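Q: Input structure: structure.cif, which contains mmCIF, C-alpha atoms and all ligand atoms.
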data_query
#
loop_
_atom_site.label_atom_id
_atom_site.label_comp_id
_atom_site.auth_asym_id
_atom_site.auth_seq_id
_atom_site.Cartn_x
_atom_site.Cartn_y
_atom_site.Cartn_z
CA MET A 1 -67.13 -1.00 -83.30
CA ASN A 2 -65.52 0.03 -80.00
CA VAL A 3 -62.54 -2.08 -78.90
CA GLY A 4 -60.41 -1.56 -75.82
CA ILE A 5 -59.79 -2.38 -72.17
CA ASP A 6 -62.74 -4.15 -70.57
CA LEU A 7 -61.03 -4.88 -67.23
CA ILE A 8 -57.64 -3.87 -65.80
CA HIS A 9 -55.82 -4.92 -62.62
CA PHE A 10 -52.25 -4.51 -61.47
CA SER A 11 -50.02 -6.33 -59.02
CA THR A 12 -46.78 -5.61 -57.27
CA SER A 13 -44.54 -7.51 -54.85
CA ASP A 14 -44.96 -7.86 -51.07
CA TYR A 15 -41.82 -5.86 -50.15
CA TYR A 16 -40.33 -2.42 -50.74
CA LEU A 17 -37.16 -0.48 -50.11
CA GLY A 18 -37.75 3.12 -49.02
CA LEU A 19 -35.58 5.67 -50.77
CA ASP A 20 -35.03 7.25 -47.33
CA VAL A 21 -33.26 4.01 -46.27
CA PHE A 22 -31.44 3.94 -49.61
CA ALA A 23 -30.33 7.60 -49.25
CA GLU A 24 -29.00 7.00 -45.74
CA GLU A 25 -27.03 3.93 -46.88
CA LYS A 26 -25.50 5.86 -49.80
CA ASN A 27 -25.05 9.09 -47.84
CA ILE A 28 -27.08 11.08 -50.38
CA ASP A 29 -29.61 13.86 -49.63
CA VAL A 30 -33.01 12.10 -49.80
CA ASP A 31 -34.47 15.10 -51.67
CA LYS A 32 -32.49 13.99 -54.70
CA PHE A 33 -35.00 11.13 -54.85
CA TYR A 34 -38.14 12.70 -53.36
CA ILE A 35 -37.81 15.92 -55.42
CA GLY A 36 -35.04 15.41 -58.02
CA ILE A 37 -36.39 12.20 -59.59
CA GLY A 38 -39.79 12.14 -57.85
CA GLN A 39 -39.63 8.68 -56.27
CA GLU A 40 -40.26 7.49 -52.68
CA LYS A 41 -40.23 3.68 -52.66
CA MET A 42 -39.24 0.74 -54.85
CA SER A 43 -41.20 -2.53 -54.84
CA ILE A 44 -38.71 -5.38 -54.47
CA ALA A 45 -39.39 -8.95 -55.62
CA PRO A 46 -38.07 -11.79 -53.42
CA PRO A 47 -36.37 -14.72 -55.23
CA ASP A 48 -39.66 -16.67 -55.35
CA GLU A 49 -41.39 -13.86 -57.28
CA ASP A 50 -40.85 -13.45 -61.03
CA VAL A 51 -42.84 -11.99 -63.93
CA VAL A 52 -44.98 -15.13 -64.17
CA SER A 53 -46.10 -15.04 -60.51
CA LEU A 54 -46.59 -11.25 -60.73
CA ALA A 55 -48.64 -11.71 -63.92
CA ALA A 56 -50.79 -14.43 -62.31
CA LYS A 57 -51.41 -12.12 -59.33
CA ALA A 58 -52.48 -9.37 -61.76
CA ALA A 59 -54.68 -11.60 -63.93
CA ALA A 60 -56.46 -13.74 -61.30
CA PRO A 61 -59.06 -11.11 -60.21
CA ILE A 62 -59.98 -10.55 -63.89
CA LEU A 63 -60.46 -14.27 -64.51
CA GLU A 64 -62.74 -14.53 -61.46
CA GLN A 65 -65.17 -12.16 -63.21
CA ILE A 66 -65.39 -13.85 -66.62
CA ASP A 67 -65.64 -17.30 -68.18
CA LYS A 68 -61.90 -17.93 -68.37
CA ASP A 69 -62.35 -20.45 -71.19
CA SER A 70 -63.47 -17.51 -73.37
CA ILE A 71 -59.89 -16.13 -73.51
CA THR A 72 -58.60 -16.71 -77.04
CA ALA A 73 -55.07 -15.31 -76.68
CA ILE A 74 -52.46 -14.19 -74.15
CA LEU A 75 -50.00 -11.54 -75.30
CA PHE A 76 -47.31 -11.37 -72.60
CA ALA A 77 -45.08 -8.28 -72.72
CA THR A 78 -41.85 -8.35 -70.73
CA GLU A 79 -38.14 -7.64 -70.85
CA SER A 80 -37.56 -9.80 -67.73
CA GLY A 81 -38.32 -13.07 -69.52
CA VAL A 82 -37.79 -16.31 -67.62
CA ASP A 83 -36.75 -18.46 -70.59
CA GLN A 84 -35.00 -17.73 -73.88
CA SER A 85 -37.35 -20.03 -75.77
CA LYS A 86 -40.60 -20.72 -73.93
CA SER A 87 -42.98 -17.80 -73.55
CA ALA A 88 -43.65 -16.56 -70.00
CA GLY A 89 -47.29 -16.54 -71.15
CA VAL A 90 -47.35 -20.35 -71.44
CA PHE A 91 -46.15 -20.71 -67.82
CA LEU A 92 -48.97 -18.30 -66.91
CA HIS A 93 -51.47 -20.21 -69.04
CA GLY A 94 -50.64 -23.42 -67.14
CA LEU A 95 -50.66 -21.79 -63.71
CA LEU A 96 -54.11 -20.24 -64.32
CA ASN A 97 -55.44 -23.39 -65.97
CA LEU A 98 -56.70 -21.71 -69.16
CA SER A 99 -58.27 -23.37 -72.17
CA SER A 100 -55.93 -25.10 -74.63
CA ARG A 101 -57.88 -23.28 -77.40
CA CYS A 102 -55.78 -20.19 -76.81
CA ARG A 103 -52.80 -18.65 -78.61
CA VAL A 104 -49.90 -17.45 -76.46
CA VAL A 105 -46.84 -15.40 -77.34
CA GLU A 106 -44.26 -13.18 -75.63
CA PHE A 107 -43.60 -9.61 -76.80
CA LYS A 108 -40.34 -7.76 -76.31
CA HIS A 109 -39.04 -4.33 -76.89
CA ALA A 110 -37.86 -2.80 -73.61
CA CYS A 111 -40.60 -0.72 -71.95
CA TYR A 112 -42.58 -0.39 -75.22
CA SER A 113 -43.79 -4.00 -75.47
CA GLY A 114 -46.88 -3.52 -73.26
CA ALA A 115 -48.23 -0.86 -75.63
CA ALA A 116 -47.34 -3.04 -78.62
CA ALA A 117 -49.27 -5.97 -77.12
CA LEU A 118 -52.26 -3.75 -76.38
CA GLN A 119 -52.32 -2.42 -79.95
CA MET A 120 -51.96 -5.93 -81.44
CA ALA A 121 -54.80 -7.15 -79.22
CA THR A 122 -57.13 -4.35 -80.35
CA MET A 123 -56.33 -5.24 -83.97
CA MET A 124 -57.13 -8.90 -83.30
CA VAL A 125 -60.51 -7.99 -81.78
CA ARG A 126 -61.33 -5.54 -84.60
CA ALA A 127 -60.63 -8.33 -87.09
CA ASN A 128 -62.72 -10.84 -85.13
CA PRO A 129 -64.99 -9.49 -82.36
CA LYS A 130 -65.24 -12.98 -80.83
CA GLU A 131 -61.63 -12.69 -79.64
CA LYS A 132 -61.02 -11.92 -75.96
CA VAL A 133 -57.34 -11.19 -75.46
CA LEU A 134 -55.53 -11.15 -72.14
CA VAL A 135 -52.68 -8.63 -72.38
CA ILE A 136 -50.02 -8.81 -69.67
CA ALA A 137 -47.23 -6.29 -69.14
CA ALA A 138 -44.90 -7.45 -66.37
CA ASP A 139 -41.36 -6.52 -65.39
CA ILE A 140 -38.81 -6.47 -62.59
CA ALA A 141 -36.50 -3.47 -63.06
CA LYS A 142 -32.96 -4.30 -61.94
CA TYR A 143 -29.79 -2.25 -62.27
CA ASP A 144 -26.36 -2.89 -60.77
CA VAL A 145 -25.65 -1.75 -57.22
CA ASP A 146 -24.07 1.73 -57.04
CA THR A 147 -25.14 2.76 -60.54
CA SER A 148 -27.29 5.78 -61.42
CA GLY A 149 -30.26 3.51 -62.17
CA GLU A 150 -30.25 1.74 -58.77
CA ALA A 151 -32.68 4.24 -57.22
CA THR A 152 -35.14 3.74 -60.08
CA GLN A 153 -35.80 0.01 -59.65
CA GLY A 154 -39.19 -1.54 -58.87
CA CYS A 155 -41.57 -4.18 -60.17
CA GLY A 156 -45.15 -4.72 -61.24
CA ALA A 157 -47.53 -6.38 -63.65
CA VAL A 158 -50.70 -5.14 -65.32
CA ALA A 159 -53.33 -7.48 -66.76
CA MET A 160 -55.83 -6.08 -69.27
CA LEU A 161 -58.74 -7.85 -70.91
CA ILE A 162 -59.21 -6.55 -74.47
CA THR A 163 -62.69 -6.99 -75.95
CA GLU A 164 -65.28 -5.32 -78.12
CA SER A 165 -67.69 -2.94 -76.28
CA PRO A 166 -65.11 -2.49 -73.48
CA ARG A 167 -66.34 -1.24 -70.12
CA ILE A 168 -63.32 0.95 -69.25
CA ILE A 169 -61.75 2.60 -72.30
CA ALA A 170 -62.11 2.32 -76.08
CA ILE A 171 -58.72 2.60 -77.79
CA GLU A 172 -59.03 5.00 -80.72
CA PRO A 173 -57.63 4.04 -84.13
CA GLY A 174 -54.70 6.17 -85.29
CA SER A 175 -51.41 6.58 -83.47
CA GLY A 176 -47.99 8.14 -83.93
CA TYR A 177 -44.78 6.15 -83.63
CA HIS A 178 -41.02 6.54 -83.78
CA THR A 179 -38.20 3.99 -84.04
CA GLU A 180 -34.45 4.68 -83.94
CA ASP A 181 -31.52 2.29 -83.42
CA VAL A 182 -29.80 3.76 -80.33
CA MET A 183 -27.99 2.33 -77.28
CA ASP A 184 -29.47 4.18 -74.30
CA PHE A 185 -30.47 1.09 -72.27
CA TRP A 186 -29.95 -2.59 -72.99
CA ARG A 187 -29.46 -5.97 -71.30
CA PRO A 188 -27.19 -8.48 -73.05
CA ASN A 189 -28.35 -12.10 -72.76
CA GLN A 190 -25.81 -13.08 -70.10
CA ARG A 191 -26.79 -10.26 -67.70
CA LYS A 192 -29.46 -10.16 -64.97
CA THR A 193 -29.24 -6.37 -64.70
CA ALA A 194 -29.69 -3.69 -67.34
CA LEU A 195 -26.96 -1.37 -68.62
CA VAL A 196 -27.98 2.24 -69.14
CA ASP A 197 -26.62 5.55 -70.34
CA GLY A 198 -29.06 7.31 -68.02
CA LYS A 199 -28.84 10.97 -69.05
CA TYR A 200 -28.77 10.03 -72.75
CA SER A 201 -31.87 7.86 -72.25
CA THR A 202 -33.84 10.82 -70.88
CA LYS A 203 -32.87 12.88 -73.96
CA VAL A 204 -33.88 10.10 -76.39
CA TYR A 205 -37.18 9.67 -74.49
CA LEU A 206 -38.05 13.37 -75.01
CA HIS A 207 -36.90 13.36 -78.64
CA SER A 208 -39.06 10.28 -79.32
CA LEU A 209 -42.04 11.96 -77.66
CA LYS A 210 -41.74 14.93 -80.04
CA GLN A 211 -41.44 12.66 -83.07
CA ALA A 212 -44.34 10.36 -82.07
CA TRP A 213 -46.54 13.38 -81.24
CA GLN A 214 -45.83 14.94 -84.64
CA HIS A 215 -46.76 11.69 -86.37
CA PHE A 216 -49.88 11.34 -84.15
CA THR A 217 -51.16 14.82 -85.04
CA GLU A 218 -50.59 14.20 -88.77
CA GLU A 219 -52.38 10.83 -88.59
CA THR A 220 -55.36 11.85 -86.48
CA GLY A 221 -55.74 15.64 -86.76
CA LYS A 222 -56.10 15.75 -82.95
CA THR A 223 -54.54 18.55 -80.93
CA PHE A 224 -53.31 18.95 -77.33
CA SER A 225 -56.63 20.47 -76.24
CA ASP A 226 -58.53 17.39 -77.49
CA ILE A 227 -56.88 15.41 -74.67
CA ASN A 228 -58.08 15.64 -71.06
CA HIS A 229 -55.47 13.54 -69.21
CA PHE A 230 -52.01 12.38 -70.19
CA CYS A 231 -50.38 9.06 -69.23
CA TYR A 232 -46.66 8.63 -69.90
CA HIS A 233 -44.16 5.83 -69.54
CA ILE A 234 -42.84 6.51 -66.03
CA PRO A 235 -39.31 5.22 -65.28
CA PHE A 236 -39.44 7.80 -62.44
CA THR A 237 -42.17 10.41 -62.03
CA LYS A 238 -39.97 13.44 -62.78
CA MET A 239 -39.57 12.01 -66.29
CA ALA A 240 -43.34 12.26 -66.83
CA GLU A 241 -43.26 15.88 -65.63
CA LYS A 242 -40.49 16.67 -68.12
CA ALA A 243 -42.42 14.87 -70.84
CA HIS A 244 -45.56 16.89 -70.22
CA GLN A 245 -43.63 20.18 -70.16
CA THR A 246 -42.03 19.19 -73.47
CA LEU A 247 -45.33 18.22 -75.07
CA ALA A 248 -47.08 21.43 -73.97
CA LYS A 249 -44.18 23.46 -75.38
CA VAL A 250 -44.16 21.62 -78.72
CA ALA A 251 -47.94 22.06 -78.96
CA GLY A 252 -47.59 25.77 -78.13
CA VAL A 253 -49.82 25.49 -75.03
CA LYS A 254 -49.23 27.49 -71.83
CA LEU A 255 -50.54 25.68 -68.75
CA THR A 256 -51.07 27.12 -65.27
CA ASP A 257 -49.45 25.13 -62.43
CA GLU A 258 -52.92 23.94 -61.45
CA GLU A 259 -53.74 22.69 -64.98
CA PHE A 260 -50.32 21.04 -65.28
CA GLN A 261 -50.75 19.16 -62.02
CA ALA A 262 -54.35 18.16 -62.75
CA GLN A 263 -53.27 16.69 -66.10
CA THR A 264 -50.36 14.66 -64.76
CA LEU A 265 -50.26 14.08 -60.97
CA PRO A 266 -53.10 11.52 -60.55
CA SER A 267 -51.33 9.18 -62.98
CA GLN A 268 -48.13 9.26 -60.90
CA VAL A 269 -49.40 8.32 -57.42
CA TYR A 270 -48.73 4.56 -57.67
CA ASN A 271 -45.55 4.80 -59.75
CA ARG A 272 -43.97 7.09 -57.13
CA ILE A 273 -44.23 4.31 -54.51
CA VAL A 274 -43.90 1.20 -56.71
CA GLY A 275 -40.93 2.30 -58.83
CA ASN A 276 -40.19 1.40 -62.42
CA SER A 277 -41.97 -1.63 -63.85
CA TYR A 278 -40.69 -1.14 -67.42
CA SER A 279 -43.38 -2.44 -69.85
CA ALA A 280 -46.07 -2.19 -67.14
CA SER A 281 -45.29 1.31 -65.91
CA LEU A 282 -47.46 3.21 -68.45
CA PHE A 283 -50.45 1.07 -67.42
CA VAL A 284 -49.68 1.28 -63.69
CA GLY A 285 -49.90 5.03 -64.38
CA PHE A 286 -53.29 4.54 -66.07
CA CYS A 287 -54.55 2.53 -63.03
CA SER A 288 -53.24 5.32 -60.82
CA LEU A 289 -55.22 7.90 -62.82
CA LEU A 290 -58.42 5.81 -62.68
CA ASP A 291 -58.12 5.17 -58.94
CA ASN A 292 -56.90 8.57 -57.77
CA LEU A 293 -58.69 11.16 -59.90
CA LYS A 294 -61.58 12.60 -57.93
CA GLU A 295 -63.66 13.67 -60.98
CA ASN A 296 -65.62 11.35 -63.26
CA LEU A 297 -63.77 10.53 -66.46
CA SER A 298 -66.70 9.30 -68.59
CA GLU A 299 -66.27 10.29 -72.25
CA ARG A 300 -62.95 11.98 -71.49
CA ARG A 301 -59.99 11.39 -73.81
CA ILE A 302 -56.82 9.92 -72.28
CA SER A 303 -53.49 9.87 -74.11
CA PHE A 304 -50.81 7.21 -73.72
CA PHE A 305 -47.15 7.72 -74.53
CA SER A 306 -45.07 4.54 -74.49
CA TYR A 307 -41.28 4.69 -74.72
CA GLY A 308 -38.99 1.67 -74.95
CA SER A 309 -35.26 2.34 -74.96
CA GLY A 310 -33.33 1.24 -77.94
CA CYS A 311 -35.79 2.76 -79.10
CA VAL A 312 -39.47 2.45 -80.08
CA ALA A 313 -42.13 4.95 -79.01
CA GLU A 314 -45.86 5.35 -79.63
CA PHE A 315 -48.49 7.99 -78.85
CA PHE A 316 -52.17 7.02 -78.93
CA THR A 317 -55.47 7.84 -77.26
CA GLY A 318 -58.61 6.27 -75.84
CA LEU A 319 -62.10 7.37 -74.83
CA MET A 320 -63.32 6.56 -71.33
CA GLN A 321 -66.60 4.66 -71.24
CA PRO A 322 -69.66 5.67 -69.15
CA GLY A 323 -69.93 3.53 -65.98
CA TYR A 324 -66.21 2.58 -66.04
CA GLU A 325 -65.95 3.33 -62.31
CA LYS A 326 -68.16 0.32 -61.47
CA VAL A 327 -65.53 -2.18 -62.67
CA LEU A 328 -62.36 -0.66 -61.19
CA MET A 329 -60.35 -2.76 -58.71
CA THR A 330 -59.07 0.16 -56.64
CA THR A 331 -59.32 -1.62 -53.28
CA SER A 332 -57.10 -4.47 -54.44
CA HIS A 333 -54.50 -2.00 -55.76
CA THR A 334 -54.31 0.07 -52.58
CA ARG A 335 -54.38 -2.99 -50.31
CA GLN A 336 -51.40 -4.56 -52.11
CA ILE A 337 -49.40 -1.34 -51.87
CA GLU A 338 -50.25 -0.72 -48.22
CA GLN A 339 -49.56 -4.30 -47.12
CA ARG A 340 -46.00 -4.38 -48.44
CA GLU A 341 -43.27 -4.92 -45.83
CA PRO A 342 -40.30 -2.53 -45.65
CA LEU A 343 -36.80 -3.97 -46.19
CA THR A 344 -33.46 -2.91 -44.79
CA TYR A 345 -30.75 -2.24 -47.37
CA ALA A 346 -29.11 -5.62 -46.51
CA GLN A 347 -32.42 -7.48 -46.96
CA TYR A 348 -32.92 -5.77 -50.32
CA LEU A 349 -29.46 -6.90 -51.46
CA ALA A 350 -30.18 -10.48 -50.37
CA PHE A 351 -33.50 -10.54 -52.22
CA TYR A 352 -32.46 -8.74 -55.31
CA HIS A 353 -28.80 -8.87 -56.12
CA GLU A 354 -27.15 -11.73 -54.29
CA VAL A 355 -29.27 -14.76 -55.19
CA GLU A 356 -28.03 -16.75 -58.17
CA ASP A 357 -31.09 -18.02 -60.00
CA ASP A 358 -29.33 -19.56 -62.99
CA VAL A 359 -28.77 -22.78 -61.07
CA GLU A 360 -29.95 -26.21 -62.19
CA ASN A 361 -31.75 -27.10 -58.95
CA ILE A 362 -33.09 -24.87 -56.19
CA GLU A 363 -36.08 -24.78 -53.84
CA PHE A 364 -36.86 -21.18 -52.93
CA GLU A 365 -37.52 -20.12 -49.37
CA VAL A 366 -41.12 -18.91 -49.00
CA ASN A 367 -41.13 -15.10 -49.02
CA ASN A 368 -43.72 -14.39 -51.71
CA LYS A 369 -47.11 -14.20 -49.96
CA GLY A 370 -49.01 -15.29 -53.07
CA PRO A 371 -51.47 -15.97 -54.53
CA TYR A 372 -48.79 -17.60 -56.76
CA ARG A 373 -45.06 -18.16 -56.30
CA LEU A 374 -42.05 -19.65 -58.04
CA ALA A 375 -41.47 -22.78 -55.95
CA GLY A 376 -38.18 -23.89 -57.43
CA ILE A 377 -36.08 -24.95 -60.38
CA ARG A 378 -35.53 -28.66 -60.91
CA ASP A 379 -33.37 -29.95 -63.78
CA HIS A 380 -33.49 -26.39 -65.24
CA LYS A 381 -37.33 -26.41 -65.23
CA ARG A 382 -39.28 -23.75 -63.33
CA TYR A 383 -42.07 -24.87 -60.98
CA TYR A 384 -44.82 -22.57 -59.79
CA GLN A 385 -47.45 -23.11 -57.10
CA ALA A 386 -50.56 -21.46 -55.70
CA VAL A 387 -49.97 -20.26 -52.11
N1 LIG A 401 -32.60 18.07 -54.03
C1 LIG A 401 -33.41 18.23 -55.10
N2 LIG A 401 -33.07 17.82 -56.37
C2 LIG A 401 -31.87 17.23 -56.52
C3 LIG A 401 -30.97 17.03 -55.43
C4 LIG A 401 -31.39 17.48 -54.13
N3 LIG A 401 -30.61 17.33 -53.06
N4 LIG A 401 -29.86 16.42 -55.90
C5 LIG A 401 -30.03 16.23 -57.24
N5 LIG A 401 -31.24 16.73 -57.60
C6 LIG A 401 -31.84 16.73 -58.95
C7 LIG A 401 -30.86 17.08 -60.05
O1 LIG A 401 -30.73 18.48 -60.20
C8 LIG A 401 -31.50 16.41 -61.25
O2 LIG A 401 -32.55 17.22 -61.71
P1 LIG A 401 -32.72 17.46 -63.31
O3 LIG A 401 -32.88 16.11 -63.94
O4 LIG A 401 -33.97 18.26 -63.41
O5 LIG A 401 -31.49 18.13 -63.77
C9 LIG A 401 -32.13 15.14 -60.64
O6 LIG A 401 -32.21 15.38 -59.22
C10 LIG A 401 -31.32 13.87 -60.85
O7 LIG A 401 -30.01 14.13 -60.41
P2 LIG A 401 -28.76 13.61 -61.24
O8 LIG A 401 -27.53 14.01 -60.56
O9 LIG A 401 -28.94 13.97 -62.68
O10 LIG A 401 -29.02 12.03 -61.03
P3 LIG A 401 -28.26 10.79 -61.56
O11 LIG A 401 -26.93 11.08 -62.13
O12 LIG A 401 -28.30 9.82 -60.44
O13 LIG A 401 -29.15 10.24 -62.79
C11 LIG A 401 -30.96 9.29 -63.96
C12 LIG A 401 -30.55 10.34 -62.91
C13 LIG A 401 -32.43 9.44 -64.29
C14 LIG A 401 -30.18 9.47 -65.24
C15 LIG A 401 -30.74 7.89 -63.35
O14 LIG A 401 -31.64 7.69 -62.30
C16 LIG A 401 -30.83 6.75 -64.32
O15 LIG A 401 -29.87 6.36 -64.97
N6 LIG A 401 -32.04 6.10 -64.40
C17 LIG A 401 -32.26 4.94 -65.24
C18 LIG A 401 -32.54 5.29 -66.70
C19 LIG A 401 -33.88 5.86 -66.92
O16 LIG A 401 -34.79 5.66 -66.14
N7 LIG A 401 -34.02 6.56 -68.05
C20 LIG A 401 -35.27 7.22 -68.40
C21 LIG A 401 -35.72 7.00 -69.79
S1 LIG A 401 -36.43 5.40 -69.98
#
Starting from the coordinates I provided, produce the structure as structure tokens.
Ligand code: COA
A:
Amino acid sequence: MNVGIDLIHFSTSDYYLGLDVFAEEKNIDVDKFYIGIGQEKMSIAPPDEDVVSLAAKAAAPILEQIDKDSITAILFATESGVDQSKSAGVFLHGLLNLSSRCRVVEFKHACYSGAAALQMATMMVRANPKEKVLVIAADIAKYDVDTSGEATQGCGAVAMLITESPRIIAIEPGSGYHTEDVMDFWRPNQRKTALVDGKYSTKVYLHSLKQAWQHFTEETGKTFSDINHFCYHIPFTKMAEKAHQTLAKVAGVKLTDEEFQAQTLPSQVYNRIVGNSYSASLFVGFCSLLDNLKENLSERRISFFSYGSGCVAEFFTGLMQPGYEKVLMTTSHTRQIEQREPLTYAQYLAFYHEVEDDVENIEFEVNNKGPYRLAGIRDHKRYYQAV
């Protein structure tokens, strides 16, 4: 039985900060960002946008195409949770008015949790093909001002419907994984922004890739040449380039520049202008590949490498399904990205780093253009509304 992604759609916020504006403010050569880390823009969430409103924006176009009462579970992956106890998925469940005959839970392990949720969902459907699982990966990447991570912020959410006989990609059984207790990136409970040992995190990422790949090849017998396109966790696009160079070297494969670019660039187009979206970024990269590759991918094998600092990593593959192109939501993706408004550096600070949202009562000014927004917090309870 084939199980995998039947529909996929991603969302991002209505605003961005250009790294040209950022570079000018910090008096840094902009090529450090355009070339050195491979990023151009960061999507910035206003105070009335959080992972729940981003997730609802990602999921709504999927629900319009199916009987939404058929969804049996929501697995919500995030490291930007809105409550220490209640799952972000239950806020989403209420906002989208889903059936009460549905199980909902939040998944966390840094940027890895989206892949974990996807794998758990495929297992649920393999065990019971009647299950239709809505997987959400949603994050708002925030670092302190004037830290090395500040230029690698961003936000986004990806919604994926996991079913049997999927129309987009069948996830193949067998994967390689690696876990190691390290402190390369973390966010203690009291903090709104992450702490990171940036250079160390890039080393652990590459080490984890080698370990997960080794495990993957032992488990599946597949080799580098069995894979047609490679999707990586993309905290910034240069990281994916380094990952692919590393993987080719470990596999003993020499690629021409043309082959290297064909295997990696299409999956980086959106991430370069959206920025990091932690748990979602691997799947934003997959959407980017689907929407930007000019050739037909039917029956091609795609690999996915997920890395979550701390750290957990996984390497797995999927087979593209014939006719997948008929169900892509490319227009919605490009429209959202193109319609974003640019921010000045001061506006970015006001949206992102100066608003206290741990207050008891607040009504947020309307900046989020919808379709859903965080309206306010009353008596410590979050209230959402359709716009
Ligand atoms: N033109 C072209 N390239 C330039 C440049 C310029 N003017 N100035 C710098 N660069 C290059 C550097 O040579 C370096 O390239 P390299 O990585 O191939 O050596 C790159 O740009 C980054 O410069 P660096 O000085 O190392 O940047 P930094 O100290 O600001 O840190 C990160 C970069 C990635 C560590 C930082 O952005 C970070 O902490 N990010 C968050 C953590 C993260 O995303 N980790 C990834 C694993 S999840």
Q: My list of candidates is A:Tyr205, A:Asn97, A:Ala280, A:Arg272. Which is closest to His244 of chain A when distances are computed with only C-alpha atoms?
A: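 The answer is A:Tyr205, which sits nearest to His244 of chain A.
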Q: Within 8 Å of ligand LIG 401 (chain A), which residues show up when you count only C-alpha atoms and all ligand atoms? List them as a PyMOL selection string, please.
A: chain A and resi 28-37+111+147-152+185+196-205+233-236+238-239+276+307-309
Q: Quick one: of A:His215, A:His207, A:Lys130, A:Lys222, who's nearest to Thr246 of chain A, counting only C-alpha atoms?
A: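 Of all the options, A:His207 lies closest to Thr246 of chain A.
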Q: Give me the residues within 10 Å of Glu341 of chain A as a PyMOL selection string, counting only C-alpha atoms and dropping any in the same chain fewer than 3 places off.
A: chain A and resi 13-17+43-44+337-338
Q: Identify, on the basis of only C-alpha atoms, every residue whose closest approach to segment 377-387 of chain A does not exceed 7 Å; exclude the query and any residue fewer than 5 positions from it along the same chain; express the result as a PyMOL selection string.
A: chain A and resi 360-363+370-372
Q: Taking only C-alpha atoms into account, produce a table as a tab-separated table in which each residue of segment 74-193 of chain A with an atom at most 12 Å from an atom of segment 285-303 of chain A appears once, together with its shortest atom pair and the distance in Å to one decimal, ordered by chain and rising number.
A:
residue	atom	partner	partner_atom	distance
A:Gly156	CA	A:Gly285	CA	11.3
A:Ala157	CA	A:Cys287	CA	11.4
A:Val158	CA	A:Cys287	CA	8.9
A:Ala159	CA	A:Cys287	CA	10.8
A:Met160	CA	A:Cys287	CA	10.7
A:Arg167	CA	A:Ser298	CA	10.7
A:Ile168	CA	A:Ser298	CA	9.0
A:Ile169	CA	A:Ile302	CA	8.8
A:Ala170	CA	A:Arg301	CA	9.6
A:Ile171	CA	A:Ile302	CA	9.4
A:Glu172	CA	A:Arg301	CA	9.5
A:Gly174	CA	A:Ser303	CA	11.8
A:Ser175	CA	A:Ser303	CA	10.1
A:Gly176	CA	A:Ser303	CA	11.4
Q: Fewer than 3 positions away in the same chain doesn't count, so skip those; otherwise give me all residues within 8 Å of segment 83-94 of chain A, counting only C-alpha atoms, as an MDAnalysis selection string.
A: chainID A and resid 51:53 55:56 74:76 97:98 104:106
Q: Measuring between all atoms listed in the file, which one of A:Ala58, A:Ala194, A:Arg187, A:Val284 shows the shortest distance to Leu134 of chain A?
A: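 Using all atoms listed in the file, the shortest distance to Leu134 of chain A belongs to A:Ala58.
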Q: Between atom CA of Glu64 of chain A and atom CA of Leu96 of chain A, what is the distance in Å, rounded to a tenth?
A: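 Separating atom CA of Glu64 of chain A from atom CA of Leu96 of chain A is a distance of 10.7 Å.
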Q: Which one is closest to Ile71 of chain A: A:Glu131, A:Asp146, A:Glu258, A:Asp48? Count only C-alpha atoms.
A: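 So, comparing all the options, the nearest one is A:Glu131.
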Q: Grab the atom CA of Asn128 of chain A to atom CA of Thr163 of chain A distance for me, in Å with one decimal place.
A: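 Between atom CA of Asn128 of chain A and atom CA of Thr163 of chain A the gap works out to 10.0 Å.
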Q: Could you check which of A:Tyr352, A:Arg126, A:Phe224, A:Ser277 is closest to Gly114 of chain A, using all atoms listed in the file?
A: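 The shortest atom-to-atom distance to Gly114 of chain A comes from A:Ser277.
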Q: Using only C-alpha atoms, which of A:Val250, A:Ala60, A:Val135, A:Leu206 sits nearest Ile162 of chain A?
A: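 Result for the nearest residue to Ile162 of chain A: A:Val135.
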